[in-house]
$ cat start.csv   # CSV, C-alpha atoms
chain,number,residue,atom,x,y,z
P,1326,GLY,CA,129.9,135.8,61.5
P,1327,CYS,CA,129.6,134.1,64.9
P,1328,GLU,CA,127.8,131.0,66.1
P,1329,ALA,CA,128.0,129.9,69.7
P,1330,HIS,CA,126.8,126.7,71.4
P,1331,VAL,CA,126.6,126.0,75.1
P,1332,PHE,CA,126.0,122.5,76.4
P,1333,ALA,CA,126.5,120.1,79.3
P,1334,SER,CA,129.7,118.0,79.0
P,1335,GLU,CA,130.5,114.5,80.2
P,1336,ARG,CA,132.6,116.2,82.9
P,1337,ASP,CA,129.5,117.4,84.7
P,1338,SER,CA,130.3,121.0,83.7
P,1339,THR,CA,129.1,123.5,81.1
P,1340,ASP,CA,131.2,123.6,77.9
P,1341,PHE,CA,131.0,125.9,74.9
P,1342,ARG,CA,132.0,126.1,71.3
P,1343,VAL,CA,132.2,129.4,69.4
P,1344,ASP,CA,132.7,129.5,65.6
P,1345,VAL,CA,133.8,132.9,64.2
P,1346,SER,CA,134.6,134.1,60.7
P,1347,PHE,CA,136.0,137.5,60.0
P,1348,ASP,CA,137.2,139.7,57.2
P,1349,GLY,CA,138.9,143.2,57.0
P,1350,VAL,CA,139.9,143.2,60.6
P,1351,ALA,CA,142.9,145.2,62.0
P,1352,ALA,CA,144.9,144.2,65.0
P,1353,HIS,CA,146.4,146.5,67.7
P,1354,PRO,CA,148.5,144.4,70.1
P,1355,ALA,CA,147.6,145.9,73.5
P,1356,ASP,CA,150.3,144.7,75.8
P,1357,ALA,CA,153.1,146.7,74.1
P,1358,MET,CA,151.0,149.9,74.4
P,1359,GLY,CA,150.7,149.6,78.1
P,1360,VAL,CA,146.9,149.4,78.1
P,1361,SER,CA,144.5,146.7,79.0
P,1362,ASP,CA,142.2,144.9,76.6
P,1363,ALA,CA,139.2,146.6,78.3
P,1364,GLU,CA,140.8,150.0,77.8
P,1365,LEU,CA,141.6,149.2,74.2
P,1366,LEU,CA,137.9,148.4,73.5
P,1367,ARG,CA,137.0,152.0,74.4
P,1368,PHE,CA,139.4,153.6,71.9
P,1369,GLU,CA,138.3,154.6,68.4
P,1370,PRO,CA,140.4,153.4,65.4
P,1371,GLY,CA,142.8,156.2,64.4
P,1372,SER,CA,142.7,157.7,67.9
P,1373,PRO,CA,146.1,159.1,69.1
P,1374,ASP,CA,145.8,156.8,72.1
P,1375,VAL,CA,146.1,153.7,69.9
P,1376,ALA,CA,149.3,152.6,68.1
P,1377,PRO,CA,148.9,152.1,64.4
P,1378,ALA,CA,147.5,148.7,63.4
P,1379,LEU,CA,150.4,146.3,63.0
P,1380,LEU,CA,148.2,143.6,61.2
P,1381,THR,CA,145.6,144.8,58.8
P,1382,ASP,CA,143.1,143.2,56.3
P,1383,LEU,CA,142.9,140.1,58.5
P,1384,SER,CA,140.6,137.4,57.3
P,1385,GLY,CA,139.9,133.8,58.4
P,1386,ALA,CA,137.9,131.7,60.8
P,1387,PHE,CA,138.5,130.2,64.2
P,1388,VAL,CA,136.9,127.9,66.7
P,1389,VAL,CA,137.1,128.4,70.5
P,1390,THR,CA,136.2,125.8,73.0
P,1391,ASP,CA,137.0,125.0,76.7
P,1392,ASP,CA,140.1,123.1,75.4
P,1393,PHE,CA,141.5,125.0,72.5
P,1394,LEU,CA,141.5,127.9,70.0
P,1395,ASP,CA,142.0,126.7,66.4
P,1396,MET,CA,142.6,129.1,63.5
P,1397,PRO,CA,143.5,126.8,60.6
P,1398,GLU,CA,143.5,129.6,58.0
P,1399,LEU,CA,144.6,133.2,58.7
P,1400,ALA,CA,145.6,135.8,56.2
P,1401,GLY,CA,146.4,139.5,56.3
P,1402,ARG,CA,148.9,142.2,55.8
P,1403,VAL,CA,151.8,143.4,57.9
P,1404,GLY,CA,152.1,147.1,58.5
P,1405,ASP,CA,151.4,148.3,54.9
P,1406,ASP,CA,149.8,147.4,51.6
P,1407,GLN,CA,152.8,145.3,50.4
P,1408,GLY,CA,153.7,142.8,53.1
P,1409,GLU,CA,151.2,139.9,53.4
P,1410,PHE,CA,151.1,136.6,55.3
P,1411,ARG,CA,149.1,133.4,55.6
P,1412,GLY,CA,149.2,130.7,58.2
P,1413,ALA,CA,147.6,128.9,61.1
P,1414,VAL,CA,147.4,129.3,64.8
P,1415,ARG,CA,146.4,126.8,67.5
P,1416,VAL,CA,146.4,127.2,71.3
P,1417,GLU,CA,145.5,124.3,73.5
P,1418,TYR,CA,144.4,124.7,77.1
P,1419,PRO,CA,145.2,122.1,79.7
P,1420,GLU,CA,142.6,120.2,81.6
P,1421,VAL,CA,140.8,122.0,84.4
P,1422,GLU,CA,142.3,121.2,87.9
P,1423,GLY,CA,139.4,121.7,90.3
P,1424,GLU,CA,138.0,125.2,89.7
P,1425,THR,CA,141.3,126.7,88.5
P,1426,ARG,CA,142.8,126.4,85.0
P,1427,ARG,CA,146.5,126.3,84.8
P,1428,VAL,CA,148.1,129.4,83.1
P,1429,THR,CA,150.4,127.3,80.9
P,1430,ARG,CA,149.1,126.5,77.5
P,1431,SER,CA,150.4,124.9,74.3
P,1432,ILE,CA,151.0,127.2,71.4
P,1433,ASP,CA,151.5,126.3,67.8
P,1434,VAL,CA,151.9,129.1,65.2
P,1435,ASP,CA,153.0,128.7,61.6
P,1436,LEU,CA,153.0,131.9,59.4
P,1437,ARG,CA,154.5,132.6,56.0
P,1438,GLY,CA,155.0,136.2,54.9
P,1439,ARG,CA,155.8,137.7,51.5
P,1440,SER,CA,157.6,141.0,51.0
P,1441,ILE,CA,157.6,141.8,54.7
P,1442,ALA,CA,159.0,145.1,55.8
P,1443,VAL,CA,161.9,144.2,58.1
P,1444,GLY,CA,161.6,147.3,60.3
P,1445,GLN,CA,158.1,146.5,61.5
P,1446,PRO,CA,157.7,146.4,65.3
P,1447,LEU,CA,157.0,142.6,65.2
P,1448,GLU,CA,157.8,142.4,68.9
P,1449,ARG,CA,154.3,143.7,69.5
P,1450,VAL,CA,153.0,140.3,68.2
P,1451,LEU,CA,155.6,138.3,70.2
P,1452,ASP,CA,154.7,140.3,73.3
P,1453,ALA,CA,151.4,138.4,73.7
P,1454,ALA,CA,153.3,135.1,74.0
P,1455,ASP,CA,156.7,136.0,75.5
P,1456,ALA,CA,157.0,139.5,76.9
P,1457,SER,CA,160.7,139.1,78.0
P,1458,ARG,CA,161.9,138.2,74.5
P,1459,ALA,CA,159.7,140.8,72.9
P,1460,GLY,CA,161.6,143.4,74.9
P,1461,VAL,CA,164.9,142.0,73.6
P,1462,VAL,CA,163.7,141.9,70.0
P,1463,ALA,CA,162.7,145.6,70.4
P,1464,SER,CA,166.1,146.5,71.8
P,1465,LEU,CA,167.9,144.7,68.9
P,1466,ARG,CA,165.6,146.4,66.3
P,1467,GLU,CA,166.6,149.8,67.8
P,1468,GLN,CA,170.3,148.9,67.8
P,1469,PHE,CA,170.5,147.7,64.2
P,1470,ASP,CA,167.6,149.7,62.8
P,1471,PRO,CA,166.9,147.1,60.1
P,1472,ALA,CA,165.0,148.1,56.9
P,1473,GLY,CA,164.2,146.4,53.6
P,1474,ARG,CA,162.0,143.6,52.5
P,1475,LEU,CA,162.1,139.8,52.5
P,1476,ASP,CA,160.0,136.6,52.5
P,1477,ALA,CA,159.9,134.8,55.8
P,1478,ARG,CA,158.4,132.0,57.8
P,1479,LEU,CA,157.7,132.2,61.5
P,1480,THR,CA,157.0,129.2,63.7
P,1481,LEU,CA,156.2,129.2,67.4
P,1482,ASP,CA,155.6,126.1,69.5
P,1483,GLY,CA,155.8,125.1,73.2
P,1484,SER,CA,154.1,126.7,76.2
P,1485,GLU,CA,154.1,130.1,77.8
P,1486,ASP,CA,157.0,129.3,80.0
P,1487,ASP,CA,159.0,127.4,77.4
P,1488,LEU,CA,158.3,129.0,74.0
P,1489,ARG,CA,160.4,128.0,71.1
P,1490,TYR,CA,160.5,130.0,67.9
P,1491,ALA,CA,162.2,130.0,64.5
P,1492,ILE,CA,162.3,132.5,61.7
P,1493,GLU,CA,163.6,131.5,58.3
P,1494,ALA,CA,163.9,134.2,55.6
P,1495,ASP,CA,164.8,134.0,52.0
P,1496,ARG,CA,164.3,136.1,48.8
P,1497,ILE,CA,165.9,139.1,50.4
P,1498,GLU,CA,164.9,141.9,48.2
P,1499,ARG,CA,166.8,144.5,50.1
P,1500,LEU,CA,168.2,144.6,53.6
P,1501,LEU,CA,169.7,147.6,55.5
P,1502,PHE,CA,171.2,147.6,59.0
P,1503,ASN,CA,173.7,149.5,61.2
P,1504,ALA,CA,177.3,148.1,61.1
P,1505,PHE,CA,180.7,149.4,62.0
P,1506,GLU,CA,179.1,152.8,63.0
P,1507,GLY,CA,177.8,153.1,59.5
P,1508,ARG,CA,174.9,151.9,57.3
P,1509,ALA,CA,175.2,148.6,55.4
P,1510,GLU,CA,172.9,147.5,52.6
P,1511,VAL,CA,172.6,144.1,50.9
P,1512,ILE,CA,170.7,144.1,47.6
P,1513,GLY,CA,169.2,141.1,45.6
P,1514,ALA,CA,170.6,138.6,48.1
P,1515,THR,CA,170.2,134.8,47.6
P,1516,GLY,CA,170.4,132.2,50.4
P,1517,THR,CA,168.5,131.9,53.7
P,1518,VAL,CA,168.6,133.5,57.2
P,1519,GLY,CA,167.5,131.5,60.2
P,1520,VAL,CA,166.8,132.8,63.6
P,1521,THR,CA,166.3,130.6,66.7
P,1522,PRO,CA,166.8,131.3,70.4
P,1523,GLY,CA,170.3,132.7,70.8
P,1524,ARG,CA,171.4,132.0,67.2
P,1525,VAL,CA,171.3,133.6,63.8
P,1526,ALA,CA,172.3,131.2,60.9
P,1527,LEU,CA,173.3,132.5,57.5
P,1528,ASP,CA,173.2,129.9,54.7
P,1529,GLU,CA,175.2,131.0,51.7
P,1530,ILE,CA,174.0,134.5,51.6
P,1531,GLU,CA,175.2,136.3,48.5
P,1532,GLY,CA,174.4,139.8,47.3
P,1533,VAL,CA,175.6,143.2,46.3
P,1534,LEU,CA,177.0,145.2,49.3
P,1535,ARG,CA,176.7,148.9,49.8
P,1536,PHE,CA,178.2,150.9,52.7
P,1537,ASN,CA,177.2,154.4,53.6
P,1538,ASP,CA,175.4,154.7,50.2
P,1539,ALA,CA,178.4,153.7,48.2
P,1540,LEU,CA,179.0,150.5,46.3
P,1541,ALA,CA,181.3,148.2,48.4
P,1542,GLY,CA,181.5,145.0,46.5
P,1543,ARG,CA,179.9,141.5,46.2
P,1544,LEU,CA,179.2,139.9,49.6
P,1545,ARG,CA,179.1,136.2,50.6
P,1546,VAL,CA,178.4,135.1,54.1
P,1547,ASP,CA,178.0,131.6,55.6
P,1548,GLY,CA,177.8,130.3,59.2
P,1549,ALA,CA,176.2,131.4,62.4
P,1550,TYR,CA,176.3,134.2,65.0
P,1551,ARG,CA,175.5,133.8,68.7
P,1552,LEU,CA,173.1,136.2,70.3
P,1553,ASP,CA,173.4,136.1,74.1
P,1554,ALA,CA,170.4,138.5,74.5
P,1555,LEU,CA,168.1,136.0,72.7
P,1556,GLY,CA,169.0,133.0,74.9
P,1557,ALA,CA,172.3,131.6,73.7
P,1558,GLY,CA,173.5,128.8,75.9
P,1559,SER,CA,176.5,129.4,78.1
P,1560,GLY,CA,179.7,128.1,76.5
P,1561,SER,CA,178.3,127.9,73.0
P,1562,THR,CA,180.5,129.3,70.2
P,1563,GLU,CA,179.5,130.1,66.7
P,1564,THR,CA,181.6,131.0,63.6
P,1565,LEU,CA,180.6,133.2,60.7
P,1566,SER,CA,182.8,133.3,57.6
P,1567,GLY,CA,182.5,135.6,54.6
P,1568,SER,CA,184.1,137.5,51.8
P,1569,VAL,CA,183.7,140.6,49.8
P,1570,ARG,CA,184.9,140.6,46.2
P,1571,ASP,CA,185.6,143.5,43.9
P,1572,ALA,CA,185.4,145.8,46.9
P,1573,LEU,CA,186.0,149.5,46.6
P,1574,PHE,CA,188.3,151.5,49.0
P,1575,GLU,CA,186.1,154.5,48.2
P,1576,SER,CA,183.1,152.9,50.0
P,1577,GLN,CA,184.8,153.8,53.4
P,1578,LEU,CA,184.3,150.2,54.4
P,1579,PRO,CA,188.1,149.5,55.0
P,1580,GLU,CA,188.6,152.4,57.5
P,1581,ALA,CA,185.4,151.4,59.2
P,1582,VAL,CA,186.5,147.8,59.7
P,1583,VAL,CA,190.0,148.8,60.7
P,1584,GLY,CA,188.5,151.4,63.0
P,1585,ARG,CA,186.6,148.6,64.8
P,1586,PHE,CA,190.0,147.2,65.9
P,1587,SER,CA,191.8,150.5,66.4
P,1588,PRO,CA,190.1,153.9,66.1
P,1589,ALA,CA,193.5,155.6,65.8
P,1590,LEU,CA,194.6,153.4,62.8
P,1591,GLY,CA,191.2,153.8,61.2
P,1592,GLU,CA,191.7,157.6,61.3
P,1593,ARG,CA,195.1,157.2,59.6
P,1594,VAL,CA,193.6,155.0,56.9
P,1595,GLU,CA,190.9,157.5,56.3
P,1596,ALA,CA,193.4,160.3,56.0
P,1597,LEU,CA,195.1,158.5,53.0
P,1598,GLY,CA,192.0,159.0,50.8
P,1599,LEU,CA,192.3,155.5,49.4
P,1600,ALA,CA,190.8,154.4,46.1
P,1601,GLY,CA,191.0,151.2,44.1
P,1602,LEU,CA,189.9,147.6,44.3
P,1603,PHE,CA,190.5,144.9,46.9
P,1604,ASP,CA,189.2,141.5,48.0
P,1605,THR,CA,188.7,140.5,51.6
P,1606,ASP,CA,187.9,137.4,53.7
P,1607,PHE,CA,186.8,137.5,57.3
P,1608,THR,CA,185.9,135.2,60.2
P,1609,LEU,CA,183.7,136.3,63.1
P,1610,ARG,CA,183.6,134.1,66.2
P,1611,SER,CA,180.9,134.8,68.8
P,1612,GLY,CA,180.8,133.3,72.3
P,1613,GLU,CA,182.6,133.6,75.6
P,1614,GLU,CA,185.6,135.2,73.8
P,1615,PRO,CA,184.3,136.9,70.6
P,1616,SER,CA,186.9,137.7,67.9
P,1617,LEU,CA,187.1,139.0,64.3
P,1618,ASP,CA,189.9,138.1,61.9
P,1619,ALA,CA,190.1,139.6,58.4
P,1620,GLU,CA,192.6,139.6,55.5
P,1621,LEU,CA,192.4,142.4,52.9
P,1622,ARG,CA,194.1,141.9,49.6
P,1623,PRO,CA,194.4,145.1,47.5
P,1624,ARG,CA,194.5,144.7,43.7
P,1625,THR,CA,194.8,148.3,42.7
P,1626,LEU,CA,195.5,151.2,44.9
P,1627,ALA,CA,195.6,155.0,44.8
P,1628,MET,CA,196.3,157.4,47.7
P,1629,HIS,CA,196.7,161.0,48.5
P,1630,ARG,CA,199.3,162.1,51.0
P,1631,ASN,CA,200.9,165.5,51.7
P,1632,GLY,CA,199.5,167.0,48.5
P,1633,HIS,CA,200.8,164.2,46.3
P,1634,ASP,CA,198.9,161.4,44.5
P,1635,ALA,CA,200.3,157.9,44.1
P,1636,VAL,CA,198.6,155.4,41.8
P,1637,PHE,CA,199.6,151.7,41.8
P,1638,ASP,CA,198.0,149.6,39.0
P,1639,ARG,CA,199.3,146.3,40.4
P,1640,VAL,CA,199.4,145.3,44.1
P,1641,GLU,CA,200.4,142.0,45.6
P,1642,GLY,CA,200.2,140.8,49.2
P,1643,ALA,CA,197.8,141.3,52.0
P,1644,ILE,CA,196.9,143.2,55.1
P,1645,GLY,CA,195.8,141.1,58.1
P,1646,VAL,CA,193.8,142.4,61.0
P,1647,SER,CA,192.6,140.8,64.3
P,1648,ASP,CA,191.5,141.9,67.7
P,1649,GLY,CA,195.1,142.0,69.0
P,1650,GLY,CA,196.7,143.7,66.0
P,1651,GLY,CA,197.7,142.9,62.5
P,1652,ALA,CA,200.4,142.7,59.8
P,1653,ILE,CA,201.0,144.2,56.4
P,1654,ASP,CA,203.0,142.8,53.5
P,1655,LEU,CA,202.5,144.6,50.2
P,1656,GLU,CA,204.3,145.0,46.9
P,1657,LEU,CA,203.0,148.0,44.9
P,1658,THR,CA,203.9,148.7,41.3
P,1659,SER,CA,203.1,151.7,39.0
P,1660,THR,CA,204.5,152.8,35.7
P,1661,ASP,CA,207.3,154.8,37.3
P,1662,LEU,CA,207.5,153.5,40.9
P,1663,SER,CA,207.7,150.2,42.9
P,1664,ALA,CA,207.4,150.0,46.6
P,1665,THR,CA,207.4,147.5,49.4
P,1666,VAL,CA,205.6,147.9,52.7
P,1667,ASP,CA,206.3,145.4,55.5
P,1668,GLY,CA,205.3,145.7,59.1
P,1669,SER,CA,202.8,145.0,61.9
P,1670,TRP,CA,200.7,146.8,64.5
P,1671,SER,CA,199.4,145.9,67.9
P,1672,ARG,CA,196.6,147.0,70.1
P,1673,SER,CA,196.3,146.5,73.9
P,1674,THR,CA,194.7,148.2,76.9
P,1675,ASP,CA,198.0,149.9,77.7
P,1676,GLU,CA,198.9,150.9,74.2
P,1677,PRO,CA,195.8,151.4,72.0
P,1678,PHE,CA,197.9,151.5,68.8
P,1679,GLY,CA,201.5,150.6,68.1
P,1680,LEU,CA,203.0,150.4,64.6
P,1681,ASP,CA,206.3,148.9,63.5
P,1682,ALA,CA,206.7,149.1,59.7
P,1683,SER,CA,209.3,149.7,56.9
P,1684,LEU,CA,208.8,151.2,53.5
P,1685,SER,CA,211.2,150.9,50.6
P,1686,ALA,CA,210.6,152.5,47.1
P,1687,THR,CA,212.4,152.3,43.8
P,1688,ALA,CA,211.8,154.6,40.8
P,1689,THR,CA,211.4,152.5,37.6
P,1690,SER,CA,211.8,155.5,35.3
P,1691,LEU,CA,213.1,159.0,35.4
$ encode --input "start.csv" --output "structure tokens"
Amino acid sequence: GCEAHVFASERDSTDFRVDVSFDGVAAHPADAMGVSDAELLRFEPGSPDVAPALLTDLSGAFVVTDDFLDMPELAGRVGDDQGEFRGAVRVEYPEVEGETRRVTRSIDVDLRGRSIAVGQPLERVLDAADASRAGVVASLREQFDPAGRLDARLTLDGSEDDLRYAIEADRIERLLFNAFEGRAEVIGATGTVGVTPGRVALDEIEGVLRFNDALAGRLRVDGAYRLDALGAGSGSTETLSGSVRDALFESQLPEAVVGRFSPALGERVEALGLAGLFDTDFTLRSGEEPSLDAELRPRTLAMHRNGHDAVFDRVEGAIGVSDGGGAIDLELTSTDLSATVDGSWSRSTDEPFGLDASLSATATSL
């Protein structure tokens, strides 16, 4: 329904107030489709010229006056029949200066979503308020190709030329994303994820990790990561720390991580056909000089080399990797063989991969 009032104000001008209630409405953000509002009005729902509705089953009520738009209750669904949200939107317009109203306006948005599909093109909503950042969000979505579902809260406040936003997600049912040139998946995660301009904060995220459709272990991550593309301040540095427990060599995660430091070494690790259990800890620093340090501690290890299999049911020591190289110090024991591996490798622009290692082995039975 709609009810409109026009009246003379104390400012010697004509003011208005429009009260609107709605139900079962779908929203097609126009800016991201490259068409004007007027053109959009001529399109029929379901037309190939119109992008699929991003927001559906919208219901609520709002008031529009010369000074503000107030929508205290808004509800709807995001993209499909599972994700839903509720919240409020308020836009305040500045006072009229002569005959021209300033473009800048105050924006206050608070929306809470449940079971939201992560891969939705949410930049189409952000585009209406901040087109530049909407483009960045679209680029990041294409780069990481996220999928899955989570509960989240979105807040926007500020003005058109100084818009601040924050996203806080929890109850992560399932989250998939591109990582180390593969596909990572976190299932049944606890903890929260917060996104603000230039920064992603992970607060005690824990869940089951899969990599390239294979079980990889139990993941725990805590800290923050800097995103320059989303407005990180110059000189800022963030640190993200984490661990994977009961990890499996068969998941291909080790060679993928090692390959991030040295593709040549990653290929050598892959050729070994590793199997077994390991634990790992890592620290990721983002900023002017980003870096990644990790320590991998095998617990059991099996490998295949030159047509022979070697199985070690007890392994002590660690493999350390960093951007500049790494070190290996392992003692491996099986029922009929014990071995020690000690060495290091380096990586530089002149020498992509250099290895200096020694291997000694002793037969424990004949």
$ closest_residue --input "start.csv" --among "P:Val1345, P:Ile1530, P:Leu1621, P:Leu1481" --to "P:Ala1329" --atoms "all atoms listed in the file"
P:Val1345
$ closest_residue --input "start.csv" --among "P:Thr1665, P:Thr1521, P:Ser1568, P:Ser1616" --to "P:Val1640" --atoms "all atoms listed in the file"
P:Thr1665
$ residues_around --input "start.csv" --residues "stretch 1644-1647 of chain P" --least-positions-apart "3" --cutoff "10 Å" --atoms "all atoms listed in the file" --output "ChimeraX atom specification"
/P:1582-1583,1585-1587,1605-1608,1616-1623,1650-1655,1667-1672
$ closest_residue --input "start.csv" --among "P:Asp1487, P:Asp1495, P:Glu1417, P:Glu1613" --to "P:Ile1441" --atoms "only C-alpha atoms"
P:Asp1495
$ closest_residue --input "start.csv" --among "P:Cys1327, P:Gly1523, P:Glu1448, P:Gly1438" --to "P:Leu1379" --atoms "all atoms listed in the file"
P:Glu1448
$ residues_around --input "start.csv" --residues "P:Glu1398" --least-positions-apart "2" --cutoff "7 Å" --atoms "all atoms listed in the file" --output "list in words"
Gly1385, Ala1386, Met1396, Ala1400, Gly1412 and Ala1413 of chain P
$ atom_distance --input "start.csv" --atom1 "atom CA of P:Gly1507" --atom2 "atom CA of P:Leu1465"
16.0 Å
